[in-house]
Amino acid sequence: MPETREMVMTEELVRKIVREEIAQAFKKDPAAKRACIISSKGTLDWAYPPLILGTAAAAAGMQTAIFFTFYGLNVIHKDFERRLRVSPVANPAMPMPVPMPDLVTALPGMQTMATFMMKSMFRKKGVATIRELLDVARESEVRLIACQMTMDVFGYKQEDFIDGVEFGGAAAFLSDARKSHVTLFV
Amino acid sequence: MPETREMVMTEELVRKIVREEIAQAFKKDPAAKRACIISSKGTLDWAYPPLILGTAAAAAGMQTAIFFTFYGLNVIHKDFERRLRVSPVANPAMPMPVPMPDLVTALPGMQTMATFMMKSMFRKKGVATIRELLDVARESEVRLIACQMTMDVFGYKQEDFIDGVEFGGAAAFLSDARKSHVTLFV
Amino acid sequence: MPETREMVMTEELVRKIVREEIAQAFKKDPAAKRACIISSKGTLDWAYPPLILGTAAAAAGMQTAIFFTFYGLNVIHKDFERRLRVSPVANPAMPMPVPMPDLVTALPGMQTMATFMMKSMFRKKGVATIRELLDVARESEVRLIACQMTMDVFGYKQEDFIDGVEFGGAAAFLSDARKSHVTLFV
């Protein structure tokens with residue numbers, strides 16, 4: 001045993017050791033290794049942020065869960081590719097070929113055009129599709145959790161959702177989120 | 001005094017004790033016992049998530065505060081039942097009896113229909129009403145805080161709000177939120 | 001050396017010291033000193049909350065970063081004053097002089113009117129403009145970070161943004177956010 005180990009522990013020495021260990025422990029703060037994201041919107045544009053942030057968190061080694069609730073259930077619905085659309089109405093921030101008043105963006109066909117435009121902008125820039133992001137999420141062990149209560153309200157069944165989805169409520173979300181630094185409501 | 005207490009404290013023994021205590025302390029991390037939620041939307045659909053999450057957090061034993069700001073002030077307005085409506089326009093994710101272009105969802109009467117539909121879907125499925133959730137929140141000591149700055153901007157007075165509401169600003173929100181793992185902007 | 005320092009360290013004494021130090025450490029929890037906010041909306045109304053919360057966090061002594069992504073890139077675009085508009089459509093919570101069905105709020109000119117109304121309401125109540133909030137943010141060392149991926153998708157260049165903006169991706173956001181108690185997606 002080295003001589004240093006035999007020296008008498010004084011209060012000062014103990015406090016020094018304790019502070020070292022605490023500084024270390026905060027660097028390994030378990031909450032820094034977890035991310036809990038709520039996906040509550042059901043449009044194509046708002047389907048992206050939870051999946052991009054969730055897969056990025058998993059890539060950074062974090063335990064990640066995405067909770068799909070309200071309109072967000074669309075994102076993990078088996079028929080998500082047809083369901084995820086985007087509306088230019090009431091979003092003056094949406095890039096359109098020419099500026100348009102809300103009344104024009106509300107015309108029949110404009111939702112289809114905006115959805116097509118967004119998909120093609122993302123594809124041209126090499127951004128993953130929603131399908132690819134859902135695949136990456138499941139491969140990288142991001143938990144995809146459907147909110148049971150809103151499933152009931154909107155009349156969804158478990159078999160309406162893609163493979164690998166779990167089911168839970170607000171309590172399930174909170175029991176993870178309370179241990180996570182990153183908690184986001186998208 | 002048992003013999004173990006008399007043994008000489010070596011650095012190794014001290015570090016072992018410290019690590020035990022820190023692991024215990026992180027399990028009781030005070031930030032895991034607090035939730036701070038911002039409610040910023042003033043429609044019937046978006047009134048639900050902050051109240052559902054807030055009351056669920058309180059049920060899980062967490063100290064919970066909901067800050068109502070911008071359009072979210074509608075949720076705690078005395079007249080919330082008339083004010084909280086839902087618009088089907090620009091939300092292609094809203095379940096409607098038949099698919100409709102934005103122009104049709106913008107017709108007079110469609111807001112009333114969408115509001116009625118949502119209320120009746122929630123009632124049929126046994127989900128609490130906003131009134132019930134506000135009651136549960138106050139009974140379970142969820143703090144309901146109205147944002148003073150946006151009250152001023154929108155011309156609200158303290159007496160416009162339901163009983164039990166507190167008043168504060170962004171600084172009040174942050175002083176709670178910085179101690180909370182769960183922080184959500186709805 | 002005072003006599004207390006020489007007393008034999010027992011396990012009990014060591015645990016007492018450790019608990020004191022841990023309680024102190026949690027009060028100085030580094031995560032309580034950081035805020036990470038995502039600004040994802042590109043309208044005048046939703047430009048406010050990230051900037052108000054971000055500057056309030058900096059004023060409270062927190063290290064603060066705001067990440068601008070998707071439509072939120074509008075907020076830090078050099079031309080933000082013309083770009084940040086507000087639409088009354090599909091927001092039945094927007095205070096309007098008289099109640100209006102969605103079809104009327106969609107008429108040409110209503111976006112301009114709503115944008116004008118909101119600016120004048122905020123000015124009358126002495127709320128800082130977006131320009132002033134951006135200035136305060138930069139003076140108080142709030143980091144303004146533009147999301148590289150969505151810049152590419154929407155075809156923005158670095159020179160399109162106001163001075164002082166940094167550039168980064170979801171990984172940059174997460175590396176800050178995982179060390180922060182306050183994490184908000186606006």
# chains A, B, ... in the order shown; residues from 1 in each chain; ligands from 1
>>> residues_around(residues="B:Leu174", least_positions_apart="3", cutoff="10 Å", atoms="only C-alpha atoms", output="list in words")
Cys36, Gly169, Ala170, Ala171, Ala177, Arg178, Lys179, Ser180 and Thr183 of chain B; Ala32, Ala35, Leu53, Gly54, Ala56, Ala57, Ala60, Met62 and Val182 of chain C
>>> atom_distance(atom1="atom CA of A:Leu184", atom2="atom CA of A:Ala47")
13.7 Å
>>> closest_residue(among="A:Asp160, A:Asp45, A:Glu21, A:Asp135", to="chain B", atoms="only C-alpha atoms")
A:Glu21
>>> closest_residue(among="B:Ile17, B:Leu84, B:Ala93, B:Leu144", to="chain A", atoms="only C-alpha atoms")
B:Ala93
>>> closest_residue(among="B:Val14, B:Ala128, B:Ile37, B:Leu73", to="B:Val153", atoms="only C-alpha atoms")
B:Leu73
>>> atom_distance(atom1="atom CA of A:Ser39", atom2="atom CA of B:Lys125")
21.6 Å
>>> closest_residue(among="B:Thr115, B:Arg34, B:Leu134, B:Pro50", to="B:Phe67", atoms="only C-alpha atoms")
B:Pro50
>>> interface_residues(of="chain C", to="chain B", cutoff="9 Å", atoms="only C-alpha atoms", output="PyMOL selection string")
chain C and resi 8-12+14-15+18-19+22-23+26+29+31-35+45+49+52-53+56-57+59-60+89-95+100-106+121-127+180-186
>>> write_last_selection(atoms="C-alpha atoms", output="tab-separated table (two decimals), in the first residue's frame")
chain	number	residue	atom	x	y	z
C	8	VAL	CA	-10.07	10.68	13.76
C	9	MET	CA	-12.31	10.55	10.69
C	10	THR	CA	-15.03	8.01	11.28
C	11	GLU	CA	-17.36	6.79	8.57
C	12	GLU	CA	-20.16	8.79	10.17
C	14	VAL	CA	-17.18	11.40	6.46
C	15	ARG	CA	-20.81	10.82	5.42
C	18	VAL	CA	-20.21	14.38	2.02
C	19	ARG	CA	-23.89	15.22	2.43
C	22	ILE	CA	-23.53	17.45	-2.11
C	23	ALA	CA	-26.30	19.74	-0.88
C	26	PHE	CA	-26.85	20.81	-6.09
C	29	ASP	CA	-25.96	22.70	-10.25
C	31	ALA	CA	-27.49	22.88	-15.47
C	32	ALA	CA	-29.41	25.58	-13.58
C	33	LYS	CA	-27.20	28.20	-15.18
C	34	ARG	CA	-27.97	27.34	-18.79
C	35	ALA	CA	-30.94	27.80	-21.12
C	45	ASP	CA	-46.12	36.72	-32.74
C	49	PRO	CA	-41.28	34.23	-26.89
C	52	ILE	CA	-38.12	37.46	-24.45
C	53	LEU	CA	-37.26	34.21	-22.64
C	56	ALA	CA	-34.63	37.21	-19.54
C	57	ALA	CA	-32.45	34.13	-18.99
C	59	ALA	CA	-30.48	38.87	-17.43
C	60	ALA	CA	-30.79	36.19	-14.74
C	89	VAL	CA	-56.39	32.89	-40.08
C	90	ALA	CA	-56.85	29.70	-38.11
C	91	ASN	CA	-56.05	31.43	-34.84
C	92	PRO	CA	-59.41	32.06	-33.21
C	93	ALA	CA	-57.44	33.24	-30.17
C	94	MET	CA	-56.04	36.29	-31.97
C	95	PRO	CA	-57.71	39.42	-30.57
C	100	MET	CA	-64.54	37.18	-37.87
C	101	PRO	CA	-64.99	33.83	-39.56
C	102	ASP	CA	-61.84	32.28	-41.04
C	103	LEU	CA	-63.00	33.14	-44.56
C	104	VAL	CA	-62.95	36.86	-43.79
C	105	THR	CA	-59.58	36.72	-42.04
C	106	ALA	CA	-58.25	35.07	-45.21
C	121	MET	CA	-50.42	46.96	-29.55
C	122	PHE	CA	-46.87	46.02	-28.53
C	123	ARG	CA	-45.54	49.55	-29.14
C	124	LYS	CA	-48.34	51.16	-27.12
C	125	LYS	CA	-47.58	48.89	-24.17
C	126	GLY	CA	-43.86	49.67	-24.30
C	127	VAL	CA	-42.79	46.15	-25.26
C	180	SER	CA	-29.29	22.72	-19.44
C	181	HIS	CA	-32.35	22.51	-17.24
C	182	VAL	CA	-34.24	25.00	-19.36
C	183	THR	CA	-34.80	23.52	-22.83
C	184	LEU	CA	-37.75	24.86	-24.82
C	185	PHE	CA	-39.02	24.33	-28.35
C	186	VAL	CA	-40.95	27.40	-29.47
>>> select_by_dssp(residues="chain B", states="alpha helix (DSSP H)", output="PyMOL selection string")
chain B and resi 3-6+11-27+44-59+80-83+102-105+110-124+130-139+148-154+170-177
>>> atom_distance(atom1="atom CA of A:Phe167", atom2="atom CA of A:Ile66")
11.2 Å
>>> select_by_dssp(residues="stretch 49-170 of chain A", states="strand (DSSP E or B)", output="list in words")
Gln63, Thr64, Ala65, Ile66, Phe67, Phe68, His77, Arg143, Leu144, Ile145, Ala146, Cys147, Phe161, Val165, Glu166, Phe167 and Gly168 of chain A
>>> write_last_selection(atoms="N, CA, C and O atoms", output="compact mmCIF listing (two decimals), in the first residue's frame")
# COMPACT_ATOMS: atom_id res chain seq x y z
N GLN A 63 -30.11 8.22 -24.38
CA GLN A 63 -31.33 7.40 -24.36
C GLN A 63 -32.49 8.31 -24.73
O GLN A 63 -32.77 9.27 -24.03
N THR A 64 -33.19 8.00 -25.80
CA THR A 64 -34.14 8.94 -26.35
C THR A 64 -35.52 8.32 -26.50
O THR A 64 -35.65 7.18 -26.91
N ALA A 65 -36.54 9.10 -26.15
CA ALA A 65 -37.92 8.66 -26.36
C ALA A 65 -38.69 9.78 -27.04
O ALA A 65 -38.49 10.96 -26.72
N ILE A 66 -39.52 9.43 -28.01
CA ILE A 66 -40.43 10.41 -28.63
C ILE A 66 -41.85 9.95 -28.35
O ILE A 66 -42.22 8.81 -28.61
N PHE A 67 -42.62 10.87 -27.76
CA PHE A 67 -44.02 10.59 -27.44
C PHE A 67 -44.90 11.26 -28.48
O PHE A 67 -44.83 12.48 -28.66
N PHE A 68 -45.74 10.48 -29.14
CA PHE A 68 -46.61 11.01 -30.19
C PHE A 68 -48.00 11.18 -29.62
O PHE A 68 -48.60 10.20 -29.14
N HIS A 77 -48.47 6.74 -37.87
CA HIS A 77 -49.58 5.98 -38.45
C HIS A 77 -49.05 5.24 -39.67
O HIS A 77 -48.21 5.76 -40.40
N ARG A 143 -37.03 5.19 -28.55
CA ARG A 143 -38.35 4.64 -28.26
C ARG A 143 -39.43 5.52 -28.87
O ARG A 143 -39.42 6.74 -28.69
N LEU A 144 -40.35 4.91 -29.60
CA LEU A 144 -41.47 5.64 -30.20
C LEU A 144 -42.72 5.25 -29.43
O LEU A 144 -43.12 4.08 -29.43
N ILE A 145 -43.31 6.20 -28.73
CA ILE A 145 -44.41 5.89 -27.82
C ILE A 145 -45.67 6.65 -28.26
O ILE A 145 -45.65 7.87 -28.40
N ALA A 146 -46.75 5.90 -28.49
CA ALA A 146 -48.01 6.54 -28.87
C ALA A 146 -48.83 6.81 -27.62
O ALA A 146 -48.93 5.96 -26.72
N CYS A 147 -49.41 8.00 -27.56
CA CYS A 147 -50.21 8.39 -26.40
C CYS A 147 -51.57 7.69 -26.45
O CYS A 147 -52.39 7.92 -27.34
N PHE A 161 -50.68 1.58 -36.23
CA PHE A 161 -49.36 2.23 -36.17
C PHE A 161 -48.25 1.33 -36.73
O PHE A 161 -48.41 0.11 -36.83
N VAL A 165 -43.76 0.49 -32.32
CA VAL A 165 -44.32 1.54 -31.48
C VAL A 165 -44.76 0.95 -30.14
O VAL A 165 -45.34 -0.13 -30.10
N GLU A 166 -44.47 1.67 -29.05
CA GLU A 166 -44.98 1.31 -27.72
C GLU A 166 -46.18 2.19 -27.40
O GLU A 166 -46.44 3.18 -28.08
N PHE A 167 -46.88 1.87 -26.33
CA PHE A 167 -48.08 2.63 -25.97
C PHE A 167 -47.99 3.06 -24.51
O PHE A 167 -47.56 2.28 -23.66
N GLY A 168 -48.35 4.32 -24.24
CA GLY A 168 -48.26 4.82 -22.87
C GLY A 168 -49.00 6.13 -22.72
O GLY A 168 -49.51 6.67 -23.70
>>> residues_around(residues="A:Ser140", least_positions_apart="4", cutoff="8 Å", atoms="only C-alpha atoms", output="PyMOL selection string")
chain A and resi 55+58-59+136
>>> decode(residues="stretch 58-85 of chain A", atoms="N, CA, C and O atoms", output="compact mmCIF listing (two decimals), in the first residue's frame")
# COMPACT_ATOMS: atom_id res chain seq x y z
N ALA A 58 -29.93 10.29 -30.20
CA ALA A 58 -29.49 8.88 -30.14
C ALA A 58 -28.07 8.77 -30.69
O ALA A 58 -27.24 8.05 -30.13
N ALA A 59 -27.78 9.49 -31.78
CA ALA A 59 -26.44 9.46 -32.36
C ALA A 59 -25.40 10.01 -31.37
O ALA A 59 -24.23 9.61 -31.41
N ALA A 60 -25.82 10.91 -30.50
CA ALA A 60 -24.92 11.47 -29.50
C ALA A 60 -24.86 10.59 -28.25
O ALA A 60 -24.34 11.00 -27.22
N GLY A 61 -25.44 9.40 -28.35
CA GLY A 61 -25.35 8.45 -27.26
C GLY A 61 -26.38 8.63 -26.16
O GLY A 61 -26.25 8.04 -25.08
N MET A 62 -27.41 9.42 -26.43
CA MET A 62 -28.44 9.64 -25.40
C MET A 62 -29.57 8.61 -25.52
O MET A 62 -29.93 8.20 -26.62
N GLN A 63 -30.11 8.22 -24.38
CA GLN A 63 -31.33 7.40 -24.36
C GLN A 63 -32.49 8.31 -24.73
O GLN A 63 -32.77 9.27 -24.03
N THR A 64 -33.19 8.00 -25.80
CA THR A 64 -34.14 8.94 -26.35
C THR A 64 -35.52 8.32 -26.50
O THR A 64 -35.65 7.18 -26.91
N ALA A 65 -36.54 9.10 -26.15
CA ALA A 65 -37.92 8.66 -26.36
C ALA A 65 -38.69 9.78 -27.04
O ALA A 65 -38.49 10.96 -26.72
N ILE A 66 -39.52 9.43 -28.01
CA ILE A 66 -40.43 10.41 -28.63
C ILE A 66 -41.85 9.95 -28.35
O ILE A 66 -42.22 8.81 -28.61
N PHE A 67 -42.62 10.87 -27.76
CA PHE A 67 -44.02 10.59 -27.44
C PHE A 67 -44.90 11.26 -28.48
O PHE A 67 -44.83 12.48 -28.66
N PHE A 68 -45.74 10.48 -29.14
CA PHE A 68 -46.61 11.01 -30.19
C PHE A 68 -48.00 11.18 -29.62
O PHE A 68 -48.60 10.20 -29.14
N THR A 69 -48.50 12.40 -29.65
CA THR A 69 -49.79 12.65 -29.05
C THR A 69 -50.58 13.62 -29.93
O THR A 69 -50.01 14.26 -30.80
N PHE A 70 -51.88 13.71 -29.71
CA PHE A 70 -52.74 14.57 -30.53
C PHE A 70 -52.45 14.31 -32.02
O PHE A 70 -52.28 13.17 -32.44
N TYR A 71 -52.33 15.39 -32.80
CA TYR A 71 -52.16 15.24 -34.25
C TYR A 71 -50.84 14.53 -34.59
O TYR A 71 -50.67 14.02 -35.69
N GLY A 72 -49.91 14.52 -33.63
CA GLY A 72 -48.61 13.86 -33.84
C GLY A 72 -48.73 12.36 -34.08
O GLY A 72 -47.80 11.74 -34.59
N LEU A 73 -49.88 11.77 -33.70
CA LEU A 73 -50.08 10.34 -33.95
C LEU A 73 -50.01 10.04 -35.45
O LEU A 73 -49.67 8.92 -35.85
N ASN A 74 -50.31 11.04 -36.28
CA ASN A 74 -50.18 10.90 -37.73
C ASN A 74 -48.79 10.43 -38.16
O ASN A 74 -48.65 9.73 -39.16
N VAL A 75 -47.77 10.87 -37.43
CA VAL A 75 -46.38 10.65 -37.85
C VAL A 75 -46.02 9.17 -37.82
O VAL A 75 -45.21 8.70 -38.62
N ILE A 76 -46.63 8.43 -36.88
CA ILE A 76 -46.31 7.01 -36.76
C ILE A 76 -47.47 6.12 -37.25
O ILE A 76 -47.43 4.90 -37.10
N HIS A 77 -48.47 6.74 -37.87
CA HIS A 77 -49.58 5.98 -38.45
C HIS A 77 -49.05 5.24 -39.67
O HIS A 77 -48.21 5.76 -40.40
N LYS A 78 -49.50 4.00 -39.87
CA LYS A 78 -49.04 3.21 -41.02
C LYS A 78 -49.17 3.99 -42.33
O LYS A 78 -48.38 3.82 -43.24
N ASP A 79 -50.17 4.85 -42.39
CA ASP A 79 -50.46 5.60 -43.61
C ASP A 79 -49.85 7.01 -43.58
O ASP A 79 -50.36 7.94 -44.17
N PHE A 80 -48.70 7.14 -42.85
CA PHE A 80 -48.15 8.49 -42.62
C PHE A 80 -47.81 9.22 -43.90
O PHE A 80 -47.92 10.45 -43.98
N GLU A 81 -47.43 8.48 -44.94
CA GLU A 81 -46.98 9.19 -46.15
C GLU A 81 -48.12 9.95 -46.82
O GLU A 81 -47.90 11.01 -47.40
N ARG A 82 -49.34 9.44 -46.73
CA ARG A 82 -50.47 10.15 -47.30
C ARG A 82 -51.02 11.19 -46.31
O ARG A 82 -51.53 12.24 -46.70
N ARG A 83 -50.89 10.88 -45.02
CA ARG A 83 -51.48 11.75 -44.00
C ARG A 83 -50.68 13.02 -43.72
O ARG A 83 -51.25 14.04 -43.33
N LEU A 84 -49.34 12.94 -43.84
CA LEU A 84 -48.53 14.10 -43.50
C LEU A 84 -48.52 15.08 -44.67
O LEU A 84 -47.86 14.87 -45.67
N ARG A 85 -49.30 16.13 -44.52
CA ARG A 85 -49.39 17.16 -45.55
C ARG A 85 -48.98 18.47 -44.90
O ARG A 85 -48.74 18.55 -43.71
